[in-house]
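A.B. asks: Next comes the structure file structure07.cif, holding mmCIF, C-alpha atoms.
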data_target
loop_
_atom_site.group_PDB
_atom_site.id
_atom_site.type_symbol
_atom_site.label_atom_id
_atom_site.label_comp_id
_atom_site.auth_asym_id
_atom_site.auth_seq_id
_atom_site.Cartn_x
_atom_site.Cartn_y
_atom_site.Cartn_z
ATOM 1 C CA ALA A 1 282.057 140.706 33.708
ATOM 2 C CA VAL A 2 284.519 137.840 33.225
ATOM 3 C CA GLN A 3 283.241 137.162 29.733
ATOM 4 C CA LEU A 4 283.400 140.866 28.794
ATOM 5 C CA MET A 5 286.952 141.155 30.096
ATOM 6 C CA LEU A 6 287.860 137.955 28.230
ATOM 7 C CA CYS A 7 286.573 139.450 24.959
ATOM 8 C CA LEU A 8 288.447 142.740 25.439
ATOM 9 C CA VAL A 9 291.764 141.228 26.484
ATOM 10 C CA GLY A 10 291.534 138.381 23.958
ATOM 11 C CA SER A 11 290.773 140.668 21.030
ATOM 12 C CA ASN A 12 293.738 142.895 21.915
ATOM 13 C CA LEU A 13 296.066 139.883 22.166
ATOM 14 C CA ILE A 14 294.852 138.488 18.834
ATOM 15 C CA SER A 15 295.173 141.869 17.083
ATOM 16 C CA SER A 16 298.732 142.245 18.397
ATOM 17 C CA GLY A 17 299.612 138.701 17.301
ATOM 18 C CA GLN A 18 300.329 137.488 20.816
ATOM 19 C CA LEU A 19 297.475 134.940 20.770
ATOM 20 C CA ALA A 20 296.189 132.669 18.042
ATOM 21 C CA PRO A 21 292.408 132.466 17.397
ATOM 22 C CA GLY A 22 292.443 128.767 18.350
ATOM 23 C CA GLY A 23 293.972 129.627 21.692
ATOM 24 C CA MET A 24 291.240 132.197 22.236
ATOM 25 C CA ILE A 25 288.589 129.500 21.649
ATOM 26 C CA THR A 26 290.295 127.159 24.113
ATOM 27 C CA ILE A 27 290.519 129.828 26.813
ATOM 28 C CA THR A 28 286.870 130.833 26.316
ATOM 29 C CA SER A 29 285.745 127.205 26.650
ATOM 30 C CA GLN A 30 287.726 126.731 29.867
ATOM 31 C CA VAL A 31 286.414 129.962 31.374
ATOM 32 C CA MET A 32 282.811 128.974 30.582
ATOM 33 C CA GLN A 33 283.305 125.607 32.321
ATOM 34 C CA LEU A 34 284.817 127.386 35.313
ATOM 35 C CA THR A 35 281.823 129.752 35.420
ATOM 36 C CA ARG A 36 279.369 126.836 35.453
ATOM 37 C CA ALA A 37 281.376 125.230 38.276
ATOM 38 C CA PHE A 38 281.055 128.392 40.388
ATOM 39 C CA GLN A 39 277.322 128.509 39.665
ATOM 40 C CA GLY A 40 276.999 124.905 40.861
ATOM 41 C CA LEU A 41 279.065 125.733 43.937
ATOM 42 C CA SER A 42 276.634 128.506 44.897
ATOM 43 C CA LYS A 43 273.701 126.057 44.697
ATOM 44 C CA THR A 44 275.661 123.490 46.708
ATOM 45 C CA SER A 45 276.478 126.027 49.399
ATOM 46 C CA THR A 46 272.769 126.897 49.720
ATOM 47 C CA GLY A 47 271.903 123.215 50.210
ATOM 48 C CA LEU A 48 274.795 122.850 52.645
ATOM 49 C CA PHE A 49 273.568 125.670 54.863
ATOM 50 C CA LYS A 50 270.058 124.164 54.841
ATOM 51 C CA ALA A 51 271.515 120.800 55.867
ATOM 52 C CA ILE A 52 273.515 122.409 58.671
ATOM 53 C CA ALA A 53 270.380 124.125 59.982
ATOM 54 C CA THR A 54 268.508 120.806 59.884
ATOM 55 C CA CYS A 55 271.328 118.951 61.634
ATOM 56 C CA ASP A 56 271.247 121.453 64.478
ATOM 57 C CA GLY A 57 267.775 120.201 65.387
ATOM 58 C CA VAL A 58 268.783 116.558 64.948
ATOM 59 C CA PHE A 59 271.880 116.854 67.116
ATOM 60 C CA GLU A 60 269.896 118.742 69.746
ATOM 61 C CA VAL A 61 267.719 115.633 70.142
ATOM 62 C CA VAL A 62 270.532 113.081 69.787
ATOM 63 C CA CYS A 63 272.809 114.821 72.275
ATOM 64 C CA SER A 64 270.115 115.661 74.821
ATOM 65 C CA ARG A 65 270.287 113.849 78.137
ATOM 66 C CA PRO A 66 267.194 112.211 79.670
ATOM 67 C CA ALA A 67 265.656 114.168 82.517
ATOM 68 C CA LEU A 68 265.462 110.918 84.502
ATOM 69 C CA GLU A 69 268.875 109.315 84.236
ATOM 70 C CA ALA A 70 269.205 105.578 84.907
ATOM 71 C CA ALA A 71 271.595 105.646 87.856
ATOM 72 C CA ALA A 72 273.847 102.721 88.659
ATOM 73 C CA GLY A 73 272.654 100.163 91.178
ATOM 74 C CA LEU A 74 268.931 100.505 90.490
ATOM 75 C CA GLN A 75 266.754 97.439 90.909
ATOM 76 C CA THR A 76 265.498 95.760 87.748
ATOM 77 C CA VAL A 77 262.032 94.270 87.496
ATOM 78 C CA SER A 78 260.582 91.620 85.194
ATOM 79 C CA HIS A 79 257.229 90.021 84.369
ATOM 80 C CA ASP A 80 257.988 87.167 86.747
ATOM 81 C CA THR A 81 258.830 89.340 89.755
ATOM 82 C CA VAL A 82 256.083 91.986 89.525
ATOM 83 C CA ILE A 83 252.888 91.395 91.529
ATOM 84 C CA GLY A 84 251.190 94.524 90.222
ATOM 85 C CA GLU A 85 250.301 96.652 93.267
ATOM 86 C CA VAL A 86 250.559 100.371 92.496
ATOM 87 C CA GLU A 87 250.380 103.013 95.226
ATOM 88 C CA PHE A 88 250.492 106.807 95.243
ATOM 89 C CA SER A 89 251.478 108.139 98.645
ATOM 90 C CA SER A 90 250.758 111.842 99.283
ATOM 91 C CA VAL A 91 251.998 112.884 95.846
ATOM 92 C CA ASP A 92 252.422 116.540 94.869
ATOM 93 C CA PHE A 93 253.314 117.292 91.269
ATOM 94 C CA ARG A 94 253.789 120.268 88.945
ATOM 95 C CA TYR A 95 254.980 120.033 85.361
ATOM 96 C CA PRO A 96 258.472 121.554 84.893
ATOM 97 C CA SER A 97 257.118 123.816 82.144
ATOM 98 C CA ARG A 98 254.397 125.149 84.497
ATOM 99 C CA PRO A 99 255.977 125.333 87.945
ATOM 100 C CA LEU A 100 253.315 127.701 89.289
ATOM 101 C CA HIS A 101 250.372 125.419 88.481
ATOM 102 C CA PRO A 102 249.962 122.423 90.836
ATOM 103 C CA VAL A 103 248.450 119.385 89.079
ATOM 104 C CA LEU A 104 248.323 116.856 91.926
ATOM 105 C CA SER A 105 248.077 117.812 95.582
ATOM 106 C CA GLN A 106 248.432 115.229 98.363
ATOM 107 C CA PHE A 107 247.182 112.604 95.919
ATOM 108 C CA SER A 108 246.916 109.151 97.470
ATOM 109 C CA LEU A 109 245.608 106.006 95.803
ATOM 110 C CA LYS A 110 246.316 102.300 96.154
ATOM 111 C CA ILE A 111 245.510 99.927 93.269
ATOM 112 C CA PRO A 112 245.571 96.267 94.361
ATOM 113 C CA PRO A 113 247.002 93.689 91.943
ATOM 114 C CA GLY A 114 244.608 92.393 89.309
ATOM 115 C CA LYS A 115 241.992 95.102 89.909
ATOM 116 C CA VAL A 116 240.533 97.589 87.441
ATOM 117 C CA TYR A 117 240.574 101.189 88.684
ATOM 118 C CA ALA A 118 239.226 104.129 86.723
ATOM 119 C CA LEU A 119 239.980 107.846 86.985
ATOM 120 C CA VAL A 120 237.332 110.295 85.825
ATOM 121 C CA GLY A 121 236.836 114.017 86.183
ATOM 122 C CA PRO A 122 236.935 117.301 84.297
ATOM 123 C CA SER A 123 239.742 118.203 81.909
ATOM 124 C CA GLY A 124 242.873 119.375 83.674
ATOM 125 C CA CYS A 125 242.151 117.580 86.952
ATOM 126 C CA GLY A 126 245.308 115.423 86.676
ATOM 127 C CA LYS A 127 244.014 112.119 85.251
ATOM 128 C CA SER A 128 246.656 111.686 82.534
ATOM 129 C CA THR A 129 249.348 112.905 84.913
ATOM 130 C CA VAL A 130 248.699 109.873 87.114
ATOM 131 C CA GLY A 131 249.428 107.618 84.134
ATOM 132 C CA ASN A 132 252.595 109.591 83.324
ATOM 133 C CA LEU A 133 253.851 109.108 86.867
ATOM 134 C CA ILE A 134 253.200 105.348 86.756
ATOM 135 C CA GLU A 135 255.336 105.121 83.609
ATOM 136 C CA ARG A 136 257.875 107.349 85.371
ATOM 137 C CA PHE A 137 257.951 109.918 82.633
ATOM 138 C CA TYR A 138 258.243 112.325 85.571
ATOM 139 C CA ASP A 139 259.081 112.079 89.266
ATOM 140 C CA PRO A 140 256.750 113.599 91.875
ATOM 141 C CA ASP A 141 257.780 116.785 93.635
ATOM 142 C CA LYS A 142 256.723 115.292 96.972
ATOM 143 C CA GLY A 143 255.511 111.894 98.053
ATOM 144 C CA GLU A 144 256.179 108.567 96.358
ATOM 145 C CA VAL A 145 254.849 106.308 93.643
ATOM 146 C CA LEU A 146 255.421 102.677 94.578
ATOM 147 C CA LEU A 147 255.283 99.386 92.710
ATOM 148 C CA ASP A 148 254.861 96.391 95.008
ATOM 149 C CA GLY A 149 256.032 98.554 97.903
ATOM 150 C CA THR A 150 259.198 99.821 96.166
ATOM 151 C CA SER A 151 259.571 103.443 95.074
ATOM 152 C CA LEU A 152 259.758 103.824 91.300
ATOM 153 C CA GLN A 153 262.854 105.992 91.776
ATOM 154 C CA LEU A 154 264.684 102.873 92.973
ATOM 155 C CA LEU A 155 263.711 100.889 89.855
ATOM 156 C CA GLU A 156 265.536 100.872 86.534
ATOM 157 C CA PRO A 157 263.270 102.861 84.134
ATOM 158 C CA LYS A 158 263.782 100.661 81.069
ATOM 159 C CA SER A 159 262.867 97.441 82.858
ATOM 160 C CA LEU A 160 259.955 99.207 84.595
ATOM 161 C CA ARG A 161 258.407 100.231 81.271
ATOM 162 C CA LYS A 162 258.692 96.691 79.968
ATOM 163 C CA VAL A 163 256.120 95.546 82.546
ATOM 164 C CA ILE A 164 253.739 98.456 81.869
ATOM 165 C CA GLY A 165 251.522 98.705 78.798
ATOM 166 C CA LEU A 166 250.096 102.007 77.593
ATOM 167 C CA VAL A 167 247.224 102.468 75.153
ATOM 168 C CA ASP A 168 246.231 106.094 74.646
ATOM 169 C CA GLN A 169 243.952 107.999 72.290
ATOM 170 C CA SER A 170 246.807 108.805 69.873
ATOM 171 C CA PRO A 171 248.925 105.640 69.575
ATOM 172 C CA THR A 172 252.392 106.037 68.104
ATOM 173 C CA LEU A 173 252.664 104.243 64.762
ATOM 174 C CA PHE A 174 255.576 104.361 62.349
ATOM 175 C CA ALA A 175 255.865 104.560 58.559
ATOM 176 C CA ALA A 176 256.743 100.871 58.390
ATOM 177 C CA THR A 177 254.840 97.637 57.761
ATOM 178 C CA ILE A 178 252.009 96.552 60.051
ATOM 179 C CA MET A 179 254.130 93.556 61.062
ATOM 180 C CA ASP A 180 256.993 95.837 62.148
ATOM 181 C CA ASN A 181 254.627 98.135 64.024
ATOM 182 C CA LEU A 182 253.182 95.188 65.924
ATOM 183 C CA ARG A 183 256.596 93.645 66.622
ATOM 184 C CA TYR A 184 257.559 96.870 68.393
ATOM 185 C CA GLY A 185 255.624 95.483 71.373
ATOM 186 C CA ARG A 186 257.988 92.479 71.597
ATOM 187 C CA PRO A 187 260.947 92.595 69.169
ATOM 188 C CA ASN A 188 261.664 88.852 69.395
ATOM 189 C CA ALA A 189 258.051 87.803 68.703
ATOM 190 C CA SER A 190 257.422 85.296 65.919
ATOM 191 C CA ASP A 191 255.042 85.995 63.041
ATOM 192 C CA ASP A 192 252.556 83.504 64.505
ATOM 193 C CA ASP A 193 252.605 85.302 67.876
ATOM 194 C CA ILE A 194 251.930 88.605 66.129
ATOM 195 C CA ILE A 195 248.993 87.186 64.162
ATOM 196 C CA GLU A 196 247.481 85.698 67.333
ATOM 197 C CA ALA A 197 247.783 89.067 69.090
ATOM 198 C CA ALA A 198 246.098 90.775 66.129
ATOM 199 C CA LYS A 199 243.226 88.269 66.276
ATOM 200 C CA ALA A 200 242.770 88.926 70.003
ATOM 201 C CA ALA A 201 242.663 92.676 69.279
ATOM 202 C CA ASN A 202 240.024 92.308 66.512
ATOM 203 C CA ALA A 203 242.615 93.564 64.034
ATOM 204 C CA HIS A 204 243.362 90.438 61.965
ATOM 205 C CA GLN A 205 240.338 90.787 59.693
ATOM 206 C CA PHE A 206 240.941 94.334 58.493
ATOM 207 C CA ILE A 207 244.682 93.662 58.146
ATOM 208 C CA SER A 208 243.977 90.605 55.988
ATOM 209 C CA ASN A 209 241.734 92.715 53.734
ATOM 210 C CA PHE A 210 244.697 94.875 52.682
ATOM 211 C CA PRO A 211 246.325 93.726 49.409
ATOM 212 C CA ASP A 212 249.686 93.272 51.162
ATOM 213 C CA GLY A 213 248.226 92.066 54.462
ATOM 214 C CA TYR A 214 250.700 92.348 57.336
ATOM 215 C CA ASN A 215 253.311 93.730 54.913
ATOM 216 C CA THR A 216 251.210 96.824 54.232
ATOM 217 C CA VAL A 217 253.322 99.942 54.785
ATOM 218 C CA LEU A 218 251.550 102.486 56.962
ATOM 219 C CA GLY A 219 251.848 106.195 56.338
ATOM 220 C CA ASP A 220 253.415 108.592 58.799
ATOM 221 C CA LYS A 221 251.784 108.054 62.206
ATOM 222 C CA GLY A 222 249.525 105.417 60.637
ATOM 223 C CA SER A 223 247.741 107.969 58.470
ATOM 224 C CA GLN A 224 246.378 105.238 56.168
ATOM 225 C CA LEU A 225 244.342 103.704 58.992
ATOM 226 C CA SER A 226 241.124 104.865 60.613
ATOM 227 C CA GLY A 227 241.024 105.806 64.292
ATOM 228 C CA GLY A 228 239.547 102.455 65.296
ATOM 229 C CA GLN A 229 242.132 100.544 63.268
ATOM 230 C CA ARG A 230 244.997 102.469 64.842
ATOM 231 C CA GLN A 231 243.636 101.711 68.306
ATOM 232 C CA ARG A 232 243.368 97.990 67.540
ATOM 233 C CA ILE A 233 246.953 97.961 66.264
ATOM 234 C CA ALA A 234 248.022 99.578 69.555
ATOM 235 C CA ILE A 235 246.014 97.043 71.557
ATOM 236 C CA ALA A 236 247.531 94.139 69.614
ATOM 237 C CA ARG A 237 250.960 95.560 70.371
ATOM 238 C CA ALA A 238 250.079 95.736 74.077
ATOM 239 C CA ILE A 239 248.779 92.143 74.014
ATOM 240 C CA LEU A 240 252.067 91.063 72.464
ATOM 241 C CA LYS A 241 253.976 92.914 75.176
ATOM 242 C CA ASP A 242 251.961 91.052 77.854
ATOM 243 C CA PRO A 243 252.346 93.748 80.561
ATOM 244 C CA ASN A 244 251.638 93.223 84.262
ATOM 245 C CA ILE A 245 250.178 96.734 84.544
ATOM 246 C CA LEU A 246 248.007 98.362 81.908
ATOM 247 C CA VAL A 247 247.267 102.083 81.536
ATOM 248 C CA LEU A 248 244.380 103.008 79.212
ATOM 249 C CA ASP A 249 244.386 106.760 78.630
ATOM 250 C CA GLU A 250 241.206 107.807 76.774
ATOM 251 C CA ALA A 251 241.652 104.741 74.557
ATOM 252 C CA THR A 252 238.160 104.989 73.005
ATOM 253 C CA SER A 253 237.433 108.706 73.276
ATOM 254 C CA ALA A 254 237.740 109.539 69.566
ATOM 255 C CA LEU A 255 235.900 106.526 68.110
ATOM 256 C CA ASP A 256 232.456 106.096 66.626
ATOM 257 C CA ALA A 257 229.994 103.599 68.124
ATOM 258 C CA SER A 258 230.865 100.628 65.870
ATOM 259 C CA SER A 259 234.624 101.090 66.278
ATOM 260 C CA GLU A 260 234.239 101.576 70.031
ATOM 261 C CA ARG A 261 232.490 98.206 70.381
ATOM 262 C CA LEU A 262 235.314 96.410 68.586
ATOM 263 C CA VAL A 263 237.991 98.246 70.566
ATOM 264 C CA GLN A 264 236.157 97.748 73.865
ATOM 265 C CA ASP A 265 235.869 94.015 73.170
ATOM 266 C CA ALA A 266 239.611 93.852 72.477
ATOM 267 C CA LEU A 267 240.368 95.852 75.636
ATOM 268 C CA SER A 268 238.293 93.429 77.710
ATOM 269 C CA ARG A 269 240.556 90.581 76.573
ATOM 270 C CA LEU A 270 243.649 92.665 77.220
ATOM 271 C CA MET A 271 242.613 93.603 80.786
ATOM 272 C CA GLU A 272 242.128 90.016 81.990
ATOM 273 C CA GLY A 273 244.421 89.179 84.906
ATOM 274 C CA ARG A 274 246.216 92.530 84.965
ATOM 275 C CA THR A 275 246.331 95.609 87.166
ATOM 276 C CA VAL A 276 244.488 98.190 85.075
ATOM 277 C CA LEU A 277 244.182 101.958 85.335
ATOM 278 C CA ILE A 278 241.550 103.442 83.021
ATOM 279 C CA ILE A 279 241.719 107.179 82.420
ATOM 280 C CA ALA A 280 238.492 108.292 80.795
ATOM 281 C CA HIS A 281 236.142 111.151 80.182
ATOM 282 C CA ARG A 282 233.411 109.017 78.616
ATOM 283 C CA LEU A 283 231.825 107.203 81.568
ATOM 284 C CA SER A 284 230.443 104.359 79.446
ATOM 285 C CA THR A 285 233.965 102.900 79.396
ATOM 286 C CA VAL A 286 234.348 102.738 83.197
ATOM 287 C CA ILE A 287 230.963 101.492 84.430
ATOM 288 C CA ASP A 288 232.277 97.955 84.967
ATOM 289 C CA ALA A 289 235.485 99.021 86.750
ATOM 290 C CA ASP A 290 236.075 97.605 90.227
ATOM 291 C CA VAL A 291 236.657 101.088 91.642
ATOM 292 C CA ILE A 292 235.968 104.487 90.067
ATOM 293 C CA CYS A 293 237.853 107.499 91.437
ATOM 294 C CA VAL A 294 236.619 111.024 90.767
ATOM 295 C CA LEU A 295 239.398 113.607 90.621
ATOM 296 C CA SER A 296 239.000 117.313 91.240
ATOM 297 C CA LYS A 297 241.835 119.800 91.573
ATOM 298 C CA GLY A 298 244.408 117.026 91.859
ATOM 299 C CA LYS A 299 242.670 115.063 94.617
ATOM 300 C CA VAL A 300 240.353 112.072 94.861
ATOM 301 C CA VAL A 301 237.001 113.447 95.993
ATOM 302 C CA GLU A 302 234.834 110.346 95.423
ATOM 303 C CA LYS A 303 235.634 106.638 95.234
ATOM 304 C CA GLY A 304 233.546 103.510 94.752
ATOM 305 C CA ASN A 305 231.894 101.378 92.095
ATOM 306 C CA HIS A 306 229.298 102.725 89.676
ATOM 307 C CA MET A 307 226.258 101.902 91.823
ATOM 308 C CA ASP A 308 227.820 103.322 94.988
ATOM 309 C CA LEU A 309 228.723 106.598 93.292
ATOM 310 C CA MET A 310 225.302 106.934 91.669
ATOM 311 C CA SER A 311 223.585 106.436 95.024
ATOM 312 C CA LEU A 312 225.965 108.988 96.577
ATOM 313 C CA GLY A 313 224.576 111.660 94.246
ATOM 314 C CA GLY A 314 227.817 113.610 94.009
ATOM 315 C CA GLN A 315 230.015 114.743 91.135
ATOM 316 C CA TYR A 316 230.070 111.340 89.420
ATOM 317 C CA ALA A 317 226.278 111.069 89.433
ATOM 318 C CA ASP A 318 225.943 114.601 88.053
ATOM 319 C CA LEU A 319 228.467 113.903 85.294
ATOM 320 C CA PHE A 320 226.812 110.591 84.422
ATOM 321 C CA ARG A 321 223.351 112.147 84.113
ATOM 322 C CA LYS A 322 224.764 114.987 82.010
ATOM 323 C CA GLN A 323 226.395 112.517 79.604
ATOM 324 C CA GLN A 324 223.145 110.549 79.476
ATOM 325 C CA LYS A 325 221.301 113.665 78.289
ATOM 326 C CA GLU A 326 224.007 114.293 75.710
ATOM 327 C CA GLY A 327 223.782 110.691 74.495
ATOM 328 C CA VAL A 328 227.388 109.920 75.470
ATOM 329 C CA VAL A 329 226.316 107.084 77.804
ATOM 330 C CA LYS A 330 223.161 104.998 77.835
#
Mind turning the file's structure into structure tokens?
C.D. replies:
Amino acid sequence: AVQLMLCLVGSNLISSGQLAPGGMITITSQVMQLTRAFQGLSKTSTGLFKAIATCDGVFEVVCSRPALEAAAGLQTVSHDTVIGEVEFSSVDFRYPSRPLHPVLSQFSLKIPPGKVYALVGPSGCGKSTVGNLIERFYDPDKGEVLLDGTSLQLLEPKSLRKVIGLVDQSPTLFAATIMDNLRYGRPNASDDDIIEAAKAANAHQFISNFPDGYNTVLGDKGSQLSGGQRQRIAIARAILKDPNILVLDEATSALDASSERLVQDALSRLMEGRTVLIIAHRLSTVIDADVICVLSKGKVVEKGNHMDLMSLGGQYADLFRKQQKEGVVK
């Protein structure tokens, strides 16, 4: 429309002698440049609105407040001060997103320092919730979770999580180098410390086989690694962190037999001298635990070592025999 109007008005002005042909060419050139500028502005505005929509989600995360605020005057803990005794005292818990579905009900359990306890049971019985409460990702609705006799609600969350190591079935890895992913366990660790931790986790060999070694950049969430390799990276990171308390949440559930042996060997080194809570569905990973607790409907219904529970002939024995038939345990 602008160009058509320009032609009509310009031709009339030229015919009447009010405008020279050279002036008409100049005006046409300027109008065409102005038109292209408006076209570019429309594309820019589209990108701008997309960016604004994206930023809404970013700012929602950045500006959100933690559900568990670190209040002033809380007690800090460190590796040197923690003994490692964990106790659940009559804990009731429901997830905030499912307030009508109780997960734990009058749950009580005491894990002495340096012992290996295992939680087993059907899906949805509250096993992973116990680990979440130890890390204080949530607070119980009733009852208390205590570390060395002190309620976790009286401890500073950041310092608490520094003395707790977590290895789960889906470890969090970043699109950075292997060295950076490992150093996340202890930011001030030297390269030699990181390599020693990788050796202890049976990860050094496969890392060294990469063309760039420890400088290999992993894909998003470690997509360039196999499941067993990701687990060994997570274990090496936990070794580097040197936690007093270790939570293993289905750490070998998604691995094949060969990978599981390597990961299990690395976990054995990691568990030495620590308070350990193993959360597992596959019973082959908990046979050697000091105490095995069977959960059902948010409560401990059986407790003892493997031989005691097998002789009891209850839920654990039934589950063990079923997994034997399925070839899950031998």
A.B. asks: If you measure from CA of Lys303 in chain A to CA of Val291 in chain A, what distance in Å do you get, rounded to one decimal?
C.D. replies: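 If I compute the distance from CA of Lys303 in chain A to CA of Val291 in chain A, I get 6.7 Å.
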A.B. asks: Quick one: pull the distance between CA of Ala203 in chain A and CA of Gly131 in chain A, Å, one decimal.
C.D. replies: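 Distance between the two atoms: 25.5 Å.
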A.B. asks: Report, in Å to a single decimal, how far apart CA of Leu146 in chain A and CA of Gly84 in chain A are.
C.D. replies: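 Computing the Euclidean distance for CA of Gly84 in chain A and CA of Leu146 in chain A yields 10.2 Å.
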A.B. asks: Of the residues A:Arg230, A:Arg183, A:Lys221, A:Lys115, which is the one nearest to Ala289 in chain A, using all atoms listed in the file?
C.D. replies: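 Nearest candidate to Ala289 in chain A out of A:Arg230, A:Arg183, A:Lys221, A:Lys115: A:Lys115.
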A.B. asks: Counting only C-alpha atoms, which of A:Val301, A:Ile245, A:Leu319, A:Ile207 gets nearest to Ile111 in chain A?
C.D. replies: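 Among the listed residues, the smallest separation from Ile111 in chain A belongs to A:Ile245.
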A.B. asks: With distances taken over only C-alpha atoms, which of A:Phe49, A:Tyr184, A:Phe88, A:Phe206 is nearest to Leu104 in chain A?
C.D. replies: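 Smallest separation from Leu104 in chain A among the options: A:Phe88.
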A.B. asks: What's around range 58-67 of chain A at 12 Å? Count only C-alpha atoms, leave out sequence neighbours fewer than 2 positions away in its own chain, and write the answer as a PDB file with C-alpha atoms, keeping the file's coordinate frame.
C.D. replies:
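Result went into part.pdb, see below:
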ATOM      1  CA  ALA A  51     271.515 120.800  55.867  1.00  0.00           C
ATOM      2  CA  ILE A  52     273.515 122.409  58.671  1.00  0.00           C
ATOM      3  CA  ALA A  53     270.380 124.125  59.982  1.00  0.00           C
ATOM      4  CA  THR A  54     268.508 120.806  59.884  1.00  0.00           C
ATOM      5  CA  CYS A  55     271.328 118.951  61.634  1.00  0.00           C
ATOM      6  CA  ASP A  56     271.247 121.453  64.478  1.00  0.00           C
ATOM      7  CA  GLU A  69     268.875 109.315  84.236  1.00  0.00           C
ATOM      8  CA  ALA A  70     269.205 105.578  84.907  1.00  0.00           C
ATOM      9  CA  ALA A  71     271.595 105.646  87.856  1.00  0.00           C
ATOM     10  CA  PRO A  96     258.472 121.554  84.893  1.00  0.00           C
ATOM     11  CA  ARG A 136     257.875 107.349  85.371  1.00  0.00           C
ATOM     12  CA  PHE A 137     257.951 109.918  82.633  1.00  0.00           C
ATOM     13  CA  TYR A 138     258.243 112.325  85.571  1.00  0.00           C
ATOM     14  CA  ASP A 139     259.081 112.079  89.266  1.00  0.00           C
ATOM     15  CA  PRO A 157     263.270 102.861  84.134  1.00  0.00           C
TER      16      PRO A 157
END
A.B. asks: For this file, the PyMOL selection byres ((chain A and resi 95) around 12) selects which residues, as a list in words?
C.D. replies: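 Output from the PyMOL selection byres ((chain A and resi 95) around 12), applied to this file: Asp92, Phe93, Arg94, Pro96, Ser97, Arg98, Pro99, Leu100, His101, Pro102, Val103, Leu104, Gly126, Thr129, Asn132, Leu133, Phe137, Tyr138, Asp139, Pro140 and Asp141 of chain A.
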A.B. asks: Please list, as a short mmCIF file (atom, residue, chain, number, x, y, z; two decimals) with C-alpha atoms, in the frame of the given file, the residues that have an atom at most 12 Å away from (240.5, 95.5, 89.8) in the coordinates of this file, counting only C-alpha atoms.
C.D. replies:
data_model
loop_
_atom_site.label_atom_id
_atom_site.label_comp_id
_atom_site.auth_asym_id
_atom_site.auth_seq_id
_atom_site.Cartn_x
_atom_site.Cartn_y
_atom_site.Cartn_z
CA GLY A 84 251.19 94.52 90.22
CA GLU A 85 250.30 96.65 93.27
CA VAL A 86 250.56 100.37 92.50
CA LYS A 110 246.32 102.30 96.15
CA ILE A 111 245.51 99.93 93.27
CA PRO A 112 245.57 96.27 94.36
CA PRO A 113 247.00 93.69 91.94
CA GLY A 114 244.61 92.39 89.31
CA LYS A 115 241.99 95.10 89.91
CA VAL A 116 240.53 97.59 87.44
CA TYR A 117 240.57 101.19 88.68
CA ALA A 118 239.23 104.13 86.72
CA ILE A 245 250.18 96.73 84.54
CA LEU A 246 248.01 98.36 81.91
CA MET A 271 242.61 93.60 80.79
CA GLU A 272 242.13 90.02 81.99
CA GLY A 273 244.42 89.18 84.91
CA ARG A 274 246.22 92.53 84.96
CA THR A 275 246.33 95.61 87.17
CA VAL A 276 244.49 98.19 85.08
CA LEU A 277 244.18 101.96 85.34
CA ILE A 278 241.55 103.44 83.02
CA VAL A 286 234.35 102.74 83.20
CA ASP A 288 232.28 97.96 84.97
CA ALA A 289 235.48 99.02 86.75
CA ASP A 290 236.08 97.60 90.23
CA VAL A 291 236.66 101.09 91.64
CA ILE A 292 235.97 104.49 90.07
CA GLY A 304 233.55 103.51 94.75
CA ASN A 305 231.89 101.38 92.10
#
A.B. asks: So which residues touch Gly143 in chain A within 6 Å, counting only C-alpha atoms, skipping near sequence neighbours fewer than 3 positions away, as a list in words?
C.D. replies: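 Once the nearby chain positions are removed, what remains is Ser89, Ser90 and Val91 of chain A.
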A.B. asks: Using only C-alpha atoms, which residues sit within 8 Å of Asp191 in chain A once same-chain residues fewer than 3 positions away are excluded, as number ranges by chain?
C.D. replies: A: 179, 194-195
A.B. asks: Taking 4 positions as the minimum chain separation for residues in the same chain, which residues sit within 7 Å of Asn202 in chain A when counting all atoms listed in the file? Answer as a PyMOL selection string.
C.D. replies: chain A and resi 198+232+262+266
A.B. asks: Evaluate the PyMOL selection byres ((chain A and resi 235) around 10) here and jot the selected residues down as a tab-separated table (two decimals) with C-alpha atoms, keeping the file's coordinate frame.
C.D. replies:
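Okay, part_12.tsv is ready:
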chain	number	residue	atom	x	y	z
A	165	GLY	CA	251.52	98.70	78.80
A	166	LEU	CA	250.10	102.01	77.59
A	167	VAL	CA	247.22	102.47	75.15
A	168	ASP	CA	246.23	106.09	74.65
A	171	PRO	CA	248.92	105.64	69.58
A	182	LEU	CA	253.18	95.19	65.92
A	185	GLY	CA	255.62	95.48	71.37
A	197	ALA	CA	247.78	89.07	69.09
A	198	ALA	CA	246.10	90.78	66.13
A	200	ALA	CA	242.77	88.93	70.00
A	201	ALA	CA	242.66	92.68	69.28
A	202	ASN	CA	240.02	92.31	66.51
A	203	ALA	CA	242.62	93.56	64.03
A	229	GLN	CA	242.13	100.54	63.27
A	230	ARG	CA	245.00	102.47	64.84
A	231	GLN	CA	243.64	101.71	68.31
A	232	ARG	CA	243.37	97.99	67.54
A	233	ILE	CA	246.95	97.96	66.26
A	234	ALA	CA	248.02	99.58	69.56
A	236	ALA	CA	247.53	94.14	69.61
A	237	ARG	CA	250.96	95.56	70.37
A	238	ALA	CA	250.08	95.74	74.08
A	239	ILE	CA	248.78	92.14	74.01
A	240	LEU	CA	252.07	91.06	72.46
A	241	LYS	CA	253.98	92.91	75.18
A	248	LEU	CA	244.38	103.01	79.21
A	251	ALA	CA	241.65	104.74	74.56
A	263	VAL	CA	237.99	98.25	70.57
A	266	ALA	CA	239.61	93.85	72.48
A	267	LEU	CA	240.37	95.85	75.64
A	269	ARG	CA	240.56	90.58	76.57
A	270	LEU	CA	243.65	92.66	77.22
A.B. asks: Mind running range 27-132 of chain A against range 148-155 of chain A at 8 Å and telling me each contacting residue's nearest atom pair with the distance in Å (one decimal), counting only C-alpha atoms, chain and number ascending, as a tab-separated table?
C.D. replies:
residue	atom	partner	partner_atom	distance
A:Leu74	CA	A:Leu155	CA	5.3
A:Gln75	CA	A:Leu155	CA	4.7
A:Thr76	CA	A:Leu155	CA	5.8
A:Val77	CA	A:Leu155	CA	7.2
A:Val82	CA	A:Asp148	CA	7.1
A:Ile83	CA	A:Asp148	CA	6.4
A:Gly84	CA	A:Asp148	CA	6.3
A:Glu85	CA	A:Asp148	CA	4.9
A:Val86	CA	A:Asp148	CA	6.4
A:Glu87	CA	A:Gly149	CA	7.7
